[in-house]
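Beneath this line is the structure, given in structure tokens, with notes to follow.
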Amino acid sequence: MTPVPRWGLFALLACVAGSAQAARVPAPDPAQGDGRVSGFYTWTEEIPAQPGRMLRTEPLDPLLGLPDAGRQLRILYTSTDGVDGKAPVVVSGALFLPQGTPPAGGWPLIAWAHGTTGIADVCAPSWLARSLRDQTYLSAWLAQGYAVVATDYQGLGTPGPHPYLRLRPEVYSVLDSVRAVLHRDYGLANRVVIVGQSQGGGAAFATAGMAPDYAPEIDIRGTVATGVPYMTPALLRPPPSEITQKPDHTFAYTLYLALMLSQGAGASRAEDLVTTHALPSLELARSVCVGDMFNNVLGRN
């Protein structure tokens with residue numbers, strides 16, 4: 001499979017697509033991966049204008065949560081559209097509380113920003129069982145007495161496109177998840193550490209920079225960002241010819257980026273960014289999560 005030219009990755013990330021302001025959730029669009037989740041994720045009323053407002057919660061199936069959590073909830077809350085910077089949107093996620101009684105002043109809070117899962121609603125971490133790596137890592141924070149709020153990011157789980165790797169939508173989703181849980185009586189302290197990996201590493205890094213302007217009331221004590229995506233000048237150069245025909249699982253990320261570029265009025269067509277040979281994989285990326293996309297790109301299915 002021939003990948004998208006490396007210069008295309010930079011262009012994909014730099015592209016800004018407009019979005020119309022709306023007071024209700026958008027109609028589901030299967031081309032952007034919408035659907036196949038429960039009705040919990042679709043808010044049918046007008047979206048409150050205040051970001052960081054909890055709309056509803058439900059108990060999270062233990063098989064989808066963290067084994068050491070004392071309590072775990074699926075959450076739905078308001079945020080700001082990170083694409084246009086104005087319109088209210090609805091975002092989903094999860095909250096994990098430690099076992100036992102909150103300490104004096106409340107449990108400190110980890111705001112977890114997850115790595116790439118896909119762009120389809122069914123790839124939202126609150127809908128799926130978390131990887132063993134993430135379970136182990138987040139459980140270690142719980143064991144240290146931290147609660148964990150874990151956003152799905154704008155457009156994952158909830159109707160509307162997921163603007164993959166665009167920083168402002170991720171930042172707003174993270175910060176408003178913190179606001180939403182702090183405003184409820186969960187025994188939490190306004191002492192927050194932002195933690196993220198891969199896609200979430202970029203989100204965590206950006207959140208630390210944007211929080212003073214967007215959510216200055218949140219007391220952020222530190223940031224942990226690992227595997228941060230970083231666009232270097234080398235990405236602008238074509239890869240050596242001897243590797244262009246070799247399967248590379250990271251091409252799955254390029255497909256998600258191409259689909260991100262197709263979002264919004266006047267956006268480019270994702271189909272124009274890949275070869276004819278890659279079109280079946282591009283179509284699959286609309287609805288399939290990252291693990292299965294890796295297998296597809298490597299020819300395992």
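Here, A, B, ... name the chains of the structure tokens in the order displayed, residue numbers run from 1 inside each chain, and ligands are numbered from 1 in the same displayed order.
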Per-residue nearest contacts stretch 133-176 of chain A to stretch 69-93 of chain A, cut-off 6 Å, using only C-alpha atoms, as a tab-separated table:
residue	atom	partner	partner_atom	distance
A:Ala150	CA	A:Gly93	CA	5.5
A:Thr151	CA	A:Gly93	CA	4.1
A:Asp152	CA	A:Gly93	CA	4.8
A:Gln154	CA	A:Val91	CA	5.4
A:Arg168	CA	A:Gly82	CA	4.9
A:Pro169	CA	A:Gly82	CA	3.7
A:Asp176	CA	A:Ser79	CA	5.7
* To do: Could you pull out the residues in stretch 167-218 of chain A that DSSP calls strand (DSSP E) from the backbone, as a list in words?
  => Leu188, Ala189, Asn190, Arg191, Val192, Val193, Ile194, Val195, Gly196 and Gln197 of chain A
Atoms to include: C-alpha atoms. Write the selected residues as a CSV table (one decimal), in the first residue's frame.
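Listing of out-v9.csv after writing:
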chain,number,residue,atom,x,y,z
A,188,LEU,CA,-13.2,15.7,44.4
A,189,ALA,CA,-10.7,18.4,45.0
A,190,ASN,CA,-9.8,21.1,42.6
A,191,ARG,CA,-6.3,19.8,42.4
A,192,VAL,CA,-5.8,18.5,38.9
A,193,VAL,CA,-3.0,16.7,36.9
A,194,ILE,CA,-3.4,16.5,33.2
A,195,VAL,CA,-2.1,13.1,31.8
A,196,GLY,CA,-2.1,11.9,28.2
A,197,GLN,CA,-0.5,9.4,25.9
* To do: Pick out each residue of stretch 55-165 of chain A that DSSP on the backbone tags as helix (DSSP H, G or I); I need them as a ChimeraX atom specification.
  => /A:62-64,121-123,132-143
* Which residues, written as a PyMOL selection string, have at least one atom at most 12 Å from A:Trp141, with only C-alpha atoms counted and residues fewer than 2 positions away on the same chain left out? -> chain A and resi 66+68-69+96-99+107-112+134-139+143-149+193+195
Using only C-alpha atoms, which residues of stretch 145-262 of chain A come within 6 Å of stretch 20-43 of chain A, and what is the closest atom pair for each, with the distance in Å to one decimal? Give it as a Markdown table, sorted by chain and residue number.
| residue | atom | partner | partner_atom | distance |
| --- | --- | --- | --- | --- |
| A:Thr158 | CA | A:Tyr41 | CA | 5.1 |
| A:Pro159 | CA | A:Pro28 | CA | 5.3 |
| A:Gly160 | CA | A:Pro26 | CA | 5.8 |
| A:Pro161 | CA | A:Gln32 | CA | 5.3 |
Output for the residues just chosen: N, CA and C atoms as a PDB file, in the first residue's frame:
ATOM      1  N   THR A 158     -20.435  10.619  20.776  1.00  0.00           N
ATOM      2  CA  THR A 158     -21.544  11.529  20.498  1.00  0.00           C
ATOM      3  C   THR A 158     -21.631  11.860  19.012  1.00  0.00           C
ATOM      4  N   PRO A 159     -22.842  12.218  18.526  1.00  0.00           N
ATOM      5  CA  PRO A 159     -22.980  12.578  17.109  1.00  0.00           C
ATOM      6  C   PRO A 159     -22.097  13.763  16.736  1.00  0.00           C
ATOM      7  N   GLY A 160     -21.660  13.754  15.492  1.00  0.00           N
ATOM      8  CA  GLY A 160     -20.763  14.795  14.998  1.00  0.00           C
ATOM      9  C   GLY A 160     -19.397  14.223  14.717  1.00  0.00           C
ATOM     10  N   PRO A 161     -18.668  14.808  13.802  1.00  0.00           N
ATOM     11  CA  PRO A 161     -17.351  14.277  13.445  1.00  0.00           C
ATOM     12  C   PRO A 161     -16.341  14.440  14.559  1.00  0.00           C
TER      13      PRO A 161
END
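The closest residue to A:Asn296, picked from A:Ala204, A:Leu167, A:Leu273, A:Ala252 and counting only C-alpha atoms, is A:Ala252.
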* Asked: Distance atom CA of A:Tyr214-atom CA of A:Gly157, one decimal place?
  ->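 So the two atoms, atom CA of A:Tyr214 and atom CA of A:Gly157, lie 23.5 Å apart.
Proximity to A:Gly106 was assessed for A:Tyr186, A:Trp127, A:Tyr172, A:Tyr153 counting only C-alpha atoms; the smallest distance is recorded for A:Tyr186.
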* Asked: Just how far from atom CA of A:Val181 is atom CA of A:Pro51, in Å to one decimal?
  ->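 Atom CA of A:Pro51 sits 12.0 Å away from atom CA of A:Val181.
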* Asked: From the list A:Glu58, A:Pro216, A:Val297, A:Ala258, which residue is nearest A:His277 when using only C-alpha atoms?
  -> A:Val297
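Going from atom CA of A:Ala225 over to atom CA of A:His162, you cover 21.1 Å.
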